[in-house]
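**Q** Input run02.tsv, format and content: TSV, C-alpha atoms.
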```
chain	number	residue	atom	x	y	z
A	85	MET	CA	-22.88	-2.26	11.87
A	86	LEU	CA	-19.96	0.19	11.80
A	87	LEU	CA	-19.56	3.14	9.42
A	88	VAL	CA	-15.91	3.83	8.57
A	89	GLY	CA	-14.01	5.79	5.91
A	90	SER	CA	-14.83	9.18	4.44
A	91	ARG	CA	-18.46	9.26	5.51
A	92	ALA	CA	-17.56	8.53	9.11
A	93	LEU	CA	-14.97	11.30	9.08
A	94	ARG	CA	-17.56	13.73	7.74
A	95	HIS	CA	-19.85	12.84	10.64
A	96	ALA	CA	-16.95	13.72	12.96
A	97	GLY	CA	-16.82	17.19	11.38
A	98	ALA	CA	-13.56	16.57	9.53
A	99	GLN	CA	-12.76	16.54	5.82
A	100	TYR	CA	-9.98	14.87	3.90
A	101	LEU	CA	-9.66	17.36	1.08
A	102	THR	CA	-9.99	21.07	0.43
A	103	PRO	CA	-13.46	22.29	-0.72
A	104	ASP	CA	-12.32	22.89	-4.31
A	105	VAL	CA	-11.43	19.22	-4.83
A	106	LYS	CA	-14.32	16.96	-5.87
A	107	ARG	CA	-14.55	13.53	-4.34
A	108	GLN	CA	-17.23	10.87	-4.39
A	109	TRP	CA	-18.28	10.07	-0.84
A	110	ASP	CA	-19.03	6.36	-0.80
A	111	PHE	CA	-20.35	4.39	2.16
A	112	ASP	CA	-17.95	1.95	3.84
A	113	PHE	CA	-19.29	-0.38	6.52
A	114	ILE	CA	-18.08	-3.25	8.65
A	115	SER	CA	-21.02	-5.50	9.45
A	116	THR	CA	-22.11	-9.03	10.19
A	117	TYR	CA	-23.58	-10.90	7.25
A	118	GLU	CA	-27.04	-10.65	8.81
A	119	GLU	CA	-26.68	-6.87	9.11
A	120	PHE	CA	-25.56	-6.70	5.49
A	121	VAL	CA	-28.67	-8.60	4.36
A	122	ALA	CA	-30.91	-6.27	6.36
A	123	ALA	CA	-29.11	-3.19	5.06
A	124	LYS	CA	-29.27	-4.32	1.44
A	125	LYS	CA	-33.05	-4.61	1.68
A	126	LYS	CA	-33.18	-0.90	2.56
A	127	ILE	CA	-31.00	0.24	-0.34
A	128	LYS	CA	-33.04	1.45	-3.32
A	129	ASN	CA	-32.26	1.37	-7.04
A	130	ILE	CA	-29.50	-1.24	-6.84
A	131	THR	CA	-27.79	-1.70	-10.21
A	132	ARG	CA	-25.36	-4.47	-9.24
A	133	SER	CA	-23.64	-6.13	-6.28
A	134	TYR	CA	-20.66	-8.47	-6.06
A	135	PRO	CA	-18.19	-9.99	-3.58
A	136	THR	CA	-14.63	-8.67	-3.44
A	137	ASN	CA	-11.39	-9.20	-1.52
A	138	LYS	CA	-11.75	-13.00	-1.66
A	139	GLY	CA	-15.24	-12.88	-0.18
A	140	LYS	CA	-14.30	-10.68	2.75
A	141	ALA	CA	-16.42	-7.81	1.45
A	142	ILE	CA	-19.49	-7.16	-0.70
A	143	VAL	CA	-19.97	-4.08	-2.88
A	144	VAL	CA	-23.40	-2.71	-3.78
A	145	HIS	CA	-23.87	-0.12	-6.53
A	146	THR	CA	-26.88	2.12	-6.96
A	147	GLN	CA	-27.56	4.88	-9.45
A	148	SER	CA	-26.14	7.47	-7.06
A	149	ALA	CA	-23.87	5.75	-4.51
A	150	ILE	CA	-21.59	2.80	-3.76
A	151	TYR	CA	-21.88	0.81	-0.54
A	152	GLU	CA	-19.08	-1.51	0.53
A	153	PHE	CA	-19.59	-3.93	3.40
A	154	GLU	CA	-16.65	-5.73	4.98
A	155	ILE	CA	-18.26	-8.83	6.43
A	156	ALA	CA	-17.41	-9.60	10.05
A	157	TRP	CA	-17.12	-13.34	9.62
A	158	PRO	CA	-16.76	-15.40	12.84
A	159	GLY	CA	-13.20	-15.26	14.18
A	160	SER	CA	-12.18	-12.30	12.01
A	161	THR	CA	-10.61	-9.04	13.15
A	162	ALA	CA	-13.73	-7.33	11.81
A	163	GLU	CA	-15.91	-9.30	14.22
A	164	GLU	CA	-13.59	-8.41	17.10
A	165	LEU	CA	-13.72	-4.73	16.16
A	166	LEU	CA	-17.51	-4.68	16.20
A	167	SER	CA	-17.42	-6.15	19.71
A	168	ILE	CA	-14.98	-3.47	20.86
A	169	CYS	CA	-17.06	-0.65	19.39
A	170	LYS	CA	-20.19	-1.77	21.19
A	171	VAL	CA	-18.57	-1.30	24.59
A	172	ASP	CA	-16.04	1.51	24.01
A	173	ASN	CA	-17.53	4.87	23.11
A	174	SER	CA	-14.05	6.35	22.60
A	175	ILE	CA	-13.58	4.13	19.51
A	176	ALA	CA	-16.98	4.64	17.88
A	177	ARG	CA	-20.22	6.36	18.79
A	178	PRO	CA	-23.80	5.18	18.24
A	179	ALA	CA	-25.42	6.66	15.16
A	180	GLU	CA	-28.64	8.62	15.34
A	181	MET	CA	-31.79	6.63	14.51
A	182	SER	CA	-32.31	8.84	11.45
A	183	PHE	CA	-28.96	7.84	9.99
A	184	ASP	CA	-29.45	7.75	6.22
A	185	VAL	CA	-31.42	4.79	4.92
A	186	PHE	CA	-30.39	2.36	7.66
A	187	SER	CA	-32.64	3.45	10.51
A	188	GLY	CA	-33.64	0.46	12.56
A	189	ILE	CA	-30.26	-1.25	12.20
A	190	GLU	CA	-27.91	-0.71	15.14
A	191	THR	CA	-25.13	1.40	13.66
A	192	PHE	CA	-21.97	2.94	15.07
A	193	ILE	CA	-19.79	5.65	13.53
A	194	ALA	CA	-16.02	5.26	13.74
A	195	ARG	CA	-14.14	8.08	15.40
A	196	PRO	CA	-11.09	9.57	13.60
A	197	ASN	CA	-8.56	7.53	15.64
A	198	LEU	CA	-10.22	4.30	14.52
A	199	ILE	CA	-10.23	5.41	10.89
A	200	PHE	CA	-6.53	6.24	11.21
A	201	THR	CA	-5.87	2.81	12.73
A	202	LEU	CA	-7.62	1.11	9.82
A	203	LYS	CA	-5.67	3.16	7.28
A	204	LYS	CA	-2.38	2.47	9.03
A	205	SER	CA	-3.06	-1.27	9.15
A	206	HIS	CA	-3.20	-1.58	5.35
A	207	ARG	CA	-1.03	1.26	4.07
A	208	PHE	CA	1.55	-1.24	2.72
A	209	LEU	CA	-1.03	-3.56	1.14
A	210	LYS	CA	0.35	-5.41	-1.88
A	211	ASP	CA	-0.99	-4.30	-5.29
A	212	SER	CA	-3.66	-2.09	-3.75
A	213	PRO	CA	-5.55	-0.02	-6.36
A	214	HIS	CA	-6.04	2.54	-3.58
A	215	PHE	CA	-2.34	2.86	-2.67
A	216	LEU	CA	-2.05	6.61	-3.22
A	217	LYS	CA	-5.47	7.42	-1.75
A	218	THR	CA	-4.63	5.46	1.39
A	219	MET	CA	-1.30	7.29	1.68
A	220	LEU	CA	-2.95	10.70	1.40
A	221	ASP	CA	-5.66	9.75	3.91
A	222	PHE	CA	-3.09	8.32	6.33
A	223	ARG	CA	-0.98	11.47	6.18
A	224	HIS	CA	-3.97	13.76	6.56
A	225	LEU	CA	-5.30	11.91	9.60
A	226	ARG	CA	-1.85	11.88	11.16
A	227	SER	CA	-1.59	15.64	10.61
A	228	MET	CA	-4.89	15.97	12.51
A	229	GLY	CA	-3.18	14.34	15.49
A	230	CYS	CA	-4.78	10.92	15.05
A	231	GLU	CA	-3.04	7.88	16.50
A	232	VAL	CA	-3.70	4.25	17.30
A	233	PRO	CA	-5.63	4.38	20.61
A	234	GLU	CA	-4.41	2.20	23.45
A	235	ALA	CA	-7.66	0.24	23.38
A	236	LEU	CA	-6.83	-0.89	19.82
A	237	THR	CA	-3.10	-1.61	20.19
A	238	GLU	CA	-3.42	-5.39	20.27
A	239	TRP	CA	-6.25	-5.40	17.75
A	240	TYR	CA	-4.11	-3.32	15.36
A	241	LYS	CA	-1.34	-5.94	15.48
A	242	LYS	CA	-3.82	-8.69	14.60
A	243	ARG	CA	-5.35	-6.60	11.82
A	244	GLU	CA	-1.98	-5.84	10.29
A	245	LYS	CA	-0.97	-9.50	10.43
A	246	SER	CA	-4.18	-10.59	8.70
A	247	THR	CA	-3.76	-7.88	6.04
A	248	TYR	CA	-0.18	-8.75	5.10
A	249	TRP	CA	-0.83	-12.46	4.68
A	250	TYR	CA	1.85	-12.86	1.98
A	251	LYS	CA	5.56	-13.51	2.57
A	252	MET	CA	8.05	-10.66	2.35
A	253	PRO	CA	11.45	-11.14	0.67
A	254	LYS	CA	14.17	-12.53	2.96
A	255	LEU	CA	17.31	-10.41	2.88
A	256	ASP	CA	19.64	-12.43	5.12
A	257	VAL	CA	20.37	-14.95	2.33
A	258	LYS	CA	22.77	-15.43	-0.56
A	259	LYS	CA	22.01	-13.74	-3.87
A	260	ASP	CA	21.07	-16.95	-5.69
A	261	GLU	CA	18.60	-17.82	-2.90
A	262	PHE	CA	17.09	-14.33	-2.89
A	263	PHE	CA	16.14	-14.51	-6.58
A	264	LYS	CA	15.17	-18.17	-6.54
A	265	ASP	CA	11.54	-19.22	-7.12
A	266	ASP	CA	10.06	-15.71	-7.16
A	267	GLY	CA	8.23	-16.31	-10.44
A	268	ILE	CA	10.37	-13.83	-12.39
A	269	LYS	CA	12.42	-14.82	-15.44
A	270	TYR	CA	15.62	-12.83	-15.15
A	271	ILE	CA	17.16	-11.91	-18.51
A	272	VAL	CA	20.10	-9.77	-17.42
A	273	PHE	CA	22.13	-9.51	-14.24
A	274	HIS	CA	20.34	-7.60	-11.52
A	275	ASP	CA	23.46	-5.77	-10.33
A	276	ASP	CA	24.21	-4.63	-13.89
A	277	ILE	CA	20.85	-2.84	-14.00
A	278	HIS	CA	21.66	-1.08	-10.74
A	279	GLU	CA	24.99	-0.03	-12.23
A	280	SER	CA	23.24	1.33	-15.31
A	281	VAL	CA	20.66	3.41	-13.41
A	282	LYS	CA	22.99	4.74	-10.70
A	283	ARG	CA	22.68	8.46	-9.99
A	284	PHE	CA	26.13	9.00	-8.56
A	285	ASP	CA	29.59	7.38	-8.82
A	286	ARG	CA	28.25	3.96	-7.84
A	287	PRO	CA	24.85	2.39	-7.07
A	288	ALA	CA	23.34	3.94	-3.96
A	289	TYR	CA	22.74	0.60	-2.21
A	290	THR	CA	26.49	-0.10	-2.12
A	291	TYR	CA	26.87	2.74	0.38
A	292	TYR	CA	24.74	0.96	2.96
A	293	MET	CA	25.26	-2.76	2.35
A	294	LYS	CA	25.67	-4.84	5.48
A	295	ASP	CA	29.25	-5.98	5.94
A	296	GLY	CA	29.74	-9.46	4.49
A	297	ALA	CA	26.17	-9.67	3.11
A	298	GLU	CA	25.16	-10.19	-0.52
A	299	VAL	CA	21.62	-8.80	-0.29
A	300	GLN	CA	20.92	-7.37	3.16
A	301	THR	CA	21.53	-3.71	3.89
A	302	ASP	CA	22.47	-1.98	7.13
A	303	LYS	CA	19.94	0.38	8.73
A	304	ASN	CA	22.59	2.35	10.64
A	305	LYS	CA	24.68	2.80	7.51
A	306	PHE	CA	21.63	3.91	5.55
A	307	PHE	CA	20.67	6.65	7.97
A	308	ALA	CA	24.31	7.75	8.22
A	309	CYS	CA	24.30	8.43	4.47
A	310	PRO	CA	23.54	11.89	3.05
A	311	ARG	CA	19.87	12.36	2.17
A	312	GLU	CA	20.66	12.43	-1.55
A	313	ILE	CA	22.07	8.90	-1.29
A	314	GLN	CA	19.05	7.70	0.67
A	315	LEU	CA	16.64	9.12	-1.91
A	316	ALA	CA	18.79	7.79	-4.76
A	317	GLY	CA	18.51	4.33	-3.22
A	318	VAL	CA	14.74	4.45	-3.64
A	319	VAL	CA	14.88	6.01	-7.12
A	320	GLU	CA	17.35	3.37	-8.34
A	321	GLU	CA	15.43	0.49	-6.76
A	322	ALA	CA	12.28	1.57	-8.62
A	323	ALA	CA	14.19	2.01	-11.89
A	324	THR	CA	15.78	-1.43	-11.58
A	325	LEU	CA	12.43	-3.02	-10.80
A	326	ALA	CA	10.74	-1.24	-13.70
A	327	ILE	CA	13.35	-2.48	-16.17
A	328	GLU	CA	13.57	-5.99	-14.77
A	329	ARG	CA	9.85	-6.71	-14.46
A	330	SER	CA	8.14	-4.45	-16.99
A	331	LEU	CA	10.17	-2.73	-19.70
A	332	LEU	CA	12.56	-5.55	-20.57
A	333	PRO	CA	10.21	-8.58	-20.56
A	334	LEU	CA	7.24	-6.63	-21.99
A	335	PRO	CA	8.68	-4.06	-24.41
A	336	GLY	CA	6.27	-1.33	-25.41
A	337	ALA	CA	3.54	-2.32	-22.95
A	338	TRP	CA	4.20	0.62	-20.61
A	339	THR	CA	6.01	3.93	-20.90
A	340	PRO	CA	9.23	4.20	-18.87
A	341	LYS	CA	7.64	6.77	-16.54
A	342	TYR	CA	4.54	4.67	-15.89
A	343	ALA	CA	6.66	1.57	-15.28
A	344	TRP	CA	8.90	3.47	-12.86
A	345	THR	CA	5.97	4.99	-10.96
A	346	PHE	CA	4.28	1.60	-10.68
A	347	ALA	CA	7.55	0.11	-9.44
A	348	LEU	CA	7.94	2.92	-6.90
A	349	ASN	CA	4.53	2.02	-5.45
A	350	LYS	CA	5.76	-1.57	-5.11
A	351	VAL	CA	8.95	-0.40	-3.38
A	352	CYS	CA	6.77	1.52	-0.93
A	353	SER	CA	4.57	-1.47	-0.22
A	354	SER	CA	5.42	-5.09	-0.96
A	355	ILE	CA	8.81	-5.48	-2.64
A	356	THR	CA	10.83	-4.09	0.25
A	357	GLY	CA	10.21	-4.00	3.99
A	358	GLY	CA	11.46	-2.66	7.28
A	359	TYR	CA	13.21	0.68	7.52
A	360	PHE	CA	13.75	1.02	3.75
A	361	ARG	CA	10.06	0.63	2.92
A	362	ALA	CA	9.12	3.06	5.69
A	363	PHE	CA	11.62	5.62	4.39
A	364	ALA	CA	10.39	5.21	0.81
A	365	TYR	CA	6.77	5.55	1.95
A	366	GLU	CA	7.38	8.65	4.05
A	367	ASN	CA	9.43	10.31	1.30
A	368	TYR	CA	7.26	9.20	-1.61
A	369	PHE	CA	6.65	12.63	-3.12
A	370	ASP	CA	10.30	13.71	-2.81
A	371	VAL	CA	11.28	10.54	-4.66
A	372	LEU	CA	8.53	11.10	-7.23
A	373	ASN	CA	10.08	14.48	-8.04
A	374	LEU	CA	13.40	12.75	-8.79
A	375	TYR	CA	12.09	10.70	-11.72
A	376	PRO	CA	15.23	9.50	-13.57
A	377	GLU	CA	14.52	10.90	-17.02
A	378	GLY	CA	16.14	8.79	-19.73
A	379	TYR	CA	16.95	5.81	-17.49
A	380	TRP	CA	15.44	3.30	-19.95
A	381	GLU	CA	17.33	4.76	-22.91
A	382	LYS	CA	20.56	4.71	-20.86
A	383	PHE	CA	19.95	1.05	-19.97
A	384	GLN	CA	19.35	0.10	-23.63
A	385	LYS	CA	22.61	1.81	-24.60
A	386	ASP	CA	24.50	-0.01	-21.85
A	387	LEU	CA	22.93	-3.29	-22.93
A	388	ALA	CA	23.97	-2.74	-26.56
A	389	GLU	CA	27.53	-1.90	-25.46
A	390	GLY	CA	27.81	-5.00	-23.28
A	391	LYS	CA	27.94	-3.08	-20.00
A	392	VAL	CA	24.76	-4.92	-18.99
A	393	ARG	CA	25.23	-8.66	-19.43
A	394	TYR	CA	22.71	-11.27	-20.51
A	395	ILE	CA	22.57	-14.12	-17.99
A	396	GLU	CA	22.39	-16.89	-20.59
A	397	GLN	CA	25.41	-15.60	-22.50
A	398	GLU	CA	27.49	-15.47	-19.33
A	399	ASN	CA	26.44	-18.99	-18.32
A	400	ASN	CA	27.24	-20.54	-21.74
```
Please express the file's structure as structure tokens.

**A**
Amino acid sequence: MLLVGSRALRHAGAQYLTPDVKRQWDFDFISTYEEFVAAKKKIKNITRSYPTNKGKAIVVHTQSAIYEFEIAWPGSTAEELLSICKVDNSIARPAEMSFDVFSGIETFIARPNLIFTLKKSHRFLKDSPHFLKTMLDFRHLRSMGCEVPEALTEWYKKREKSTYWYKMPKLDVKKDEFFKDDGIKYIVFHDDIHESVKRFDRPAYTYYMKDGAEVQTDKNKFFACPREIQLAGVVEEAATLAIERSLLPLPGAWTPKYAWTFALNKVCSSITGGYFRAFAYENYFDVLNLYPEGYWEKFQKDLAEGKVRYIEQENN
């Protein structure tokens, strides 16, 4: 059984947050199913337990703590990691026999580099409720000098592949193919939204479009742009997404700021990829400070004036 997460970092003598910030220190383990069963018998005052993450993990609540067990099912990356930890003391160290309530169960404690590797492997996870927490943890561990150890290089690639099981959008296609069959009912033209929310003389993405492409952008062009254009590209992408998928189809459900922030998290994780996602992720807080106040009101005005076109009207 392997202890990971905040508790493991505390055992290493490190903390995520400053002393004046309160945080609940839950227990996060990776274990075989047999180890989970044995551990659960030792946990007192259980109030509820349930499977999560499509059966890959089991959460146990007590009156004073939460225990989450990622199950190392046969053939999983979790099973492989447990095998590595048993033979490589640089990845995890054996826990003392007096370790909390689980004495008698062979337990290892992840070292900071392993915790960093785990965080890095799922920092772009789609629709994660822990998106911001993972980002802060990832940055903090990186600032401590943590890195993916050589012994986990190949394992990290497998872990990342198993985490991002879903397909990412293909950019090297025509516009009609890009928006086809994505489950979204488009009401207005996508490019018109970009035009409405632009921060400068024209939409930021037009500065770094790949020559001859309808959707794909050019990495070299992007990084040749001034920083304000790069940041505007992320701001505008989030604003367009917020309007297209939240504010327009579900009026009144969310505030413009909440919709934009939610969309920004998507831009930093699952809607975009490659260099653009990495840039958005690394510059998240700078982008957050550039919230486009009034973007929804501006869009509604442009829609009323016909500057933003309805798709059905144009096709009829």

**Q** Expressed in Å to a single decimal, how great is the separation between CA of Pro135 in chain A and CA of Ala123 in chain A?

**A**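 The value is 15.5 Å.
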
**Q** As a list in words, please: the residues near Met85 in chain A (cut-off 9 Å, all atoms listed in the file, same-chain neighbours under 2 positions excluded).

**A**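 In the requested format, the answer is Leu87, Phe113, Ile114, Ser115, Thr116, Glu119, Phe120, Leu166, Ile189, Glu190, Thr191, Phe192 and Ile193 of chain A.
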
**Q** Would you mind listing what lies within 10 Å of range 214-218 of chain A as a PDB file with C-alpha atoms, keeping the file's coordinate frame, with all atoms listed in the file counted and same-chain residues fewer than 3 positions away left out?

**A**
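Result written to out.pdb:
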```pdb
ATOM      1  CA  LEU A 202      -7.620   1.110   9.820  1.00  0.00           C
ATOM      2  CA  LYS A 203      -5.670   3.160   7.280  1.00  0.00           C
ATOM      3  CA  LYS A 204      -2.380   2.470   9.030  1.00  0.00           C
ATOM      4  CA  HIS A 206      -3.200  -1.580   5.350  1.00  0.00           C
ATOM      5  CA  ARG A 207      -1.030   1.260   4.070  1.00  0.00           C
ATOM      6  CA  PHE A 208       1.550  -1.240   2.720  1.00  0.00           C
ATOM      7  CA  LEU A 209      -1.030  -3.560   1.140  1.00  0.00           C
ATOM      8  CA  LYS A 210       0.350  -5.410  -1.880  1.00  0.00           C
ATOM      9  CA  ASP A 211      -0.990  -4.300  -5.290  1.00  0.00           C
ATOM     10  CA  ASP A 221      -5.660   9.750   3.910  1.00  0.00           C
ATOM     11  CA  PHE A 222      -3.090   8.320   6.330  1.00  0.00           C
ATOM     12  CA  ARG A 223      -0.980  11.470   6.180  1.00  0.00           C
ATOM     13  CA  HIS A 224      -3.970  13.760   6.560  1.00  0.00           C
ATOM     14  CA  ASN A 349       4.530   2.020  -5.450  1.00  0.00           C
ATOM     15  CA  LYS A 350       5.760  -1.570  -5.110  1.00  0.00           C
ATOM     16  CA  CYS A 352       6.770   1.520  -0.930  1.00  0.00           C
ATOM     17  CA  SER A 353       4.570  -1.470  -0.220  1.00  0.00           C
ATOM     18  CA  TYR A 368       7.260   9.200  -1.610  1.00  0.00           C
TER      19      TYR A 368
END
```

**Q** Show which residues sit within 9 Å of Lys382 in chain A, as a PyMOL selection string. Count all atoms listed in the file, and ignore same-chain residues fewer than 5 positions away.

**A** chain A and resi 280-281+387

**Q** With all atoms listed in the file as the atoms that count, which of A:Leu93, A:Leu220, A:His145, A:Tyr292 lies nearest to Glu366 in chain A?

**A**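 Smallest separation from Glu366 in chain A among the options: A:Leu220.
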
**Q** Work out how far apart CA of Phe346 in chain A and CA of Phe369 in chain A are and give it in Å to one decimal.

**A**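 Taking CA of Phe346 in chain A and CA of Phe369 in chain A, their separation equals 13.6 Å.
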
**Q** Using Å and a single decimal, report how far CA of Ala364 in chain A sits from CA of Pro335 in chain A.

**A**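 CA of Pro335 in chain A sits 26.9 Å away from CA of Ala364 in chain A.
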
**Q** If you count all atoms listed in the file, which residues fall within 9 Å of Thr324 in chain A, apart from same-chain ones fewer than 5 positions away, as a count of residues only?

**A** 10

**Q** Quick one: of A:Lys385, A:Lys282, A:Arg94, A:Lys241, who's nearest to Ile199 in chain A, counting only C-alpha atoms?

**A**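 Selected residue with least distance to Ile199 in chain A: A:Arg94.
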
**Q** Given only C-alpha atoms as the basis, pick out the residue of A:Tyr134, A:Asp172, A:Tyr379, A:Lys251 nearest to Glu279 in chain A.

**A**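 Ranking A:Tyr134, A:Asp172, A:Tyr379, A:Lys251 by distance to Glu279 in chain A, first place goes to A:Tyr379.
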
**Q** Go through A:Phe363, A:Lys305, A:Val272, A:Leu198 and flag the residue nearest Glu396 in chain A, using all atoms listed in the file for the distances.

**A**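 The closest residue to Glu396 in chain A is A:Val272.
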
**Q** Any chance you could tabulate, as a Markdown table, the residues of range 239-352 of chain A at most 6 Å from range 389-395 of chain A with each one's nearest atom pair and distance in Å to one decimal, using all atoms listed in the file, in chain and rising number order?

**A**
```
| residue | atom | partner | partner_atom | distance |
| --- | --- | --- | --- | --- |
| A:Ile271 | CA | A:Ile395 | CA | 5.9 |
| A:Val272 | CA | A:Tyr394 | CA | 4.3 |
| A:Phe273 | CA | A:Ile395 | CA | 6.0 |
| A:Asp276 | CA | A:Val392 | CA | 5.1 |
```

**Q** Could you pull range 188-199 of chain A out of the structure just shown and give N, CA and C atoms as a PDB file, in the first residue's frame?

**A**
```pdb
ATOM      1  N   GLY A 188       0.801  -3.188  10.518  1.00  0.00           N
ATOM      2  CA  GLY A 188       0.561  -4.571  10.129  1.00  0.00           C
ATOM      3  C   GLY A 188       0.330  -4.737   8.647  1.00  0.00           C
ATOM      4  N   ILE A 189       0.041  -3.640   7.946  1.00  0.00           N
ATOM      5  CA  ILE A 189      -0.118  -3.674   6.491  1.00  0.00           C
ATOM      6  C   ILE A 189       1.125  -3.020   5.886  1.00  0.00           C
ATOM      7  N   GLU A 190       1.799  -3.729   4.999  1.00  0.00           N
ATOM      8  CA  GLU A 190       3.016  -3.182   4.392  1.00  0.00           C
ATOM      9  C   GLU A 190       2.678  -1.885   3.663  1.00  0.00           C
ATOM     10  N   THR A 191       3.270  -0.791   4.125  1.00  0.00           N
ATOM     11  CA  THR A 191       2.938   0.527   3.580  1.00  0.00           C
ATOM     12  C   THR A 191       4.205   1.287   3.226  1.00  0.00           C
ATOM     13  N   PHE A 192       4.150   1.972   2.085  1.00  0.00           N
ATOM     14  CA  PHE A 192       5.235   2.829   1.640  1.00  0.00           C
ATOM     15  C   PHE A 192       4.733   4.263   1.563  1.00  0.00           C
ATOM     16  N   ILE A 193       5.649   5.215   1.732  1.00  0.00           N
ATOM     17  CA  ILE A 193       5.301   6.632   1.657  1.00  0.00           C
ATOM     18  C   ILE A 193       5.991   7.243   0.447  1.00  0.00           C
ATOM     19  N   ALA A 194       5.211   7.834  -0.434  1.00  0.00           N
ATOM     20  CA  ALA A 194       5.764   8.442  -1.651  1.00  0.00           C
ATOM     21  C   ALA A 194       6.683   9.596  -1.307  1.00  0.00           C
ATOM     22  N   ARG A 195       7.785   9.672  -2.028  1.00  0.00           N
ATOM     23  CA  ARG A 195       8.688  10.802  -1.873  1.00  0.00           C
ATOM     24  C   ARG A 195       8.178  11.954  -2.749  1.00  0.00           C
ATOM     25  N   PRO A 196       8.620  13.195  -2.472  1.00  0.00           N
ATOM     26  CA  PRO A 196       8.094  14.357  -3.207  1.00  0.00           C
ATOM     27  C   PRO A 196       8.151  14.232  -4.728  1.00  0.00           C
ATOM     28  N   ASN A 197       9.227  13.652  -5.280  1.00  0.00           N
ATOM     29  CA  ASN A 197       9.311  13.524  -6.741  1.00  0.00           C
ATOM     30  C   ASN A 197       8.199  12.642  -7.305  1.00  0.00           C
ATOM     31  N   LEU A 198       7.808  11.628  -6.563  1.00  0.00           N
ATOM     32  CA  LEU A 198       6.713  10.771  -7.015  1.00  0.00           C
ATOM     33  C   LEU A 198       5.388  11.531  -6.948  1.00  0.00           C
ATOM     34  N   ILE A 199       5.187  12.284  -5.888  1.00  0.00           N
ATOM     35  CA  ILE A 199       3.957  13.067  -5.771  1.00  0.00           C
ATOM     36  C   ILE A 199       3.865  14.075  -6.917  1.00  0.00           C
TER      37      ILE A 199
END
```
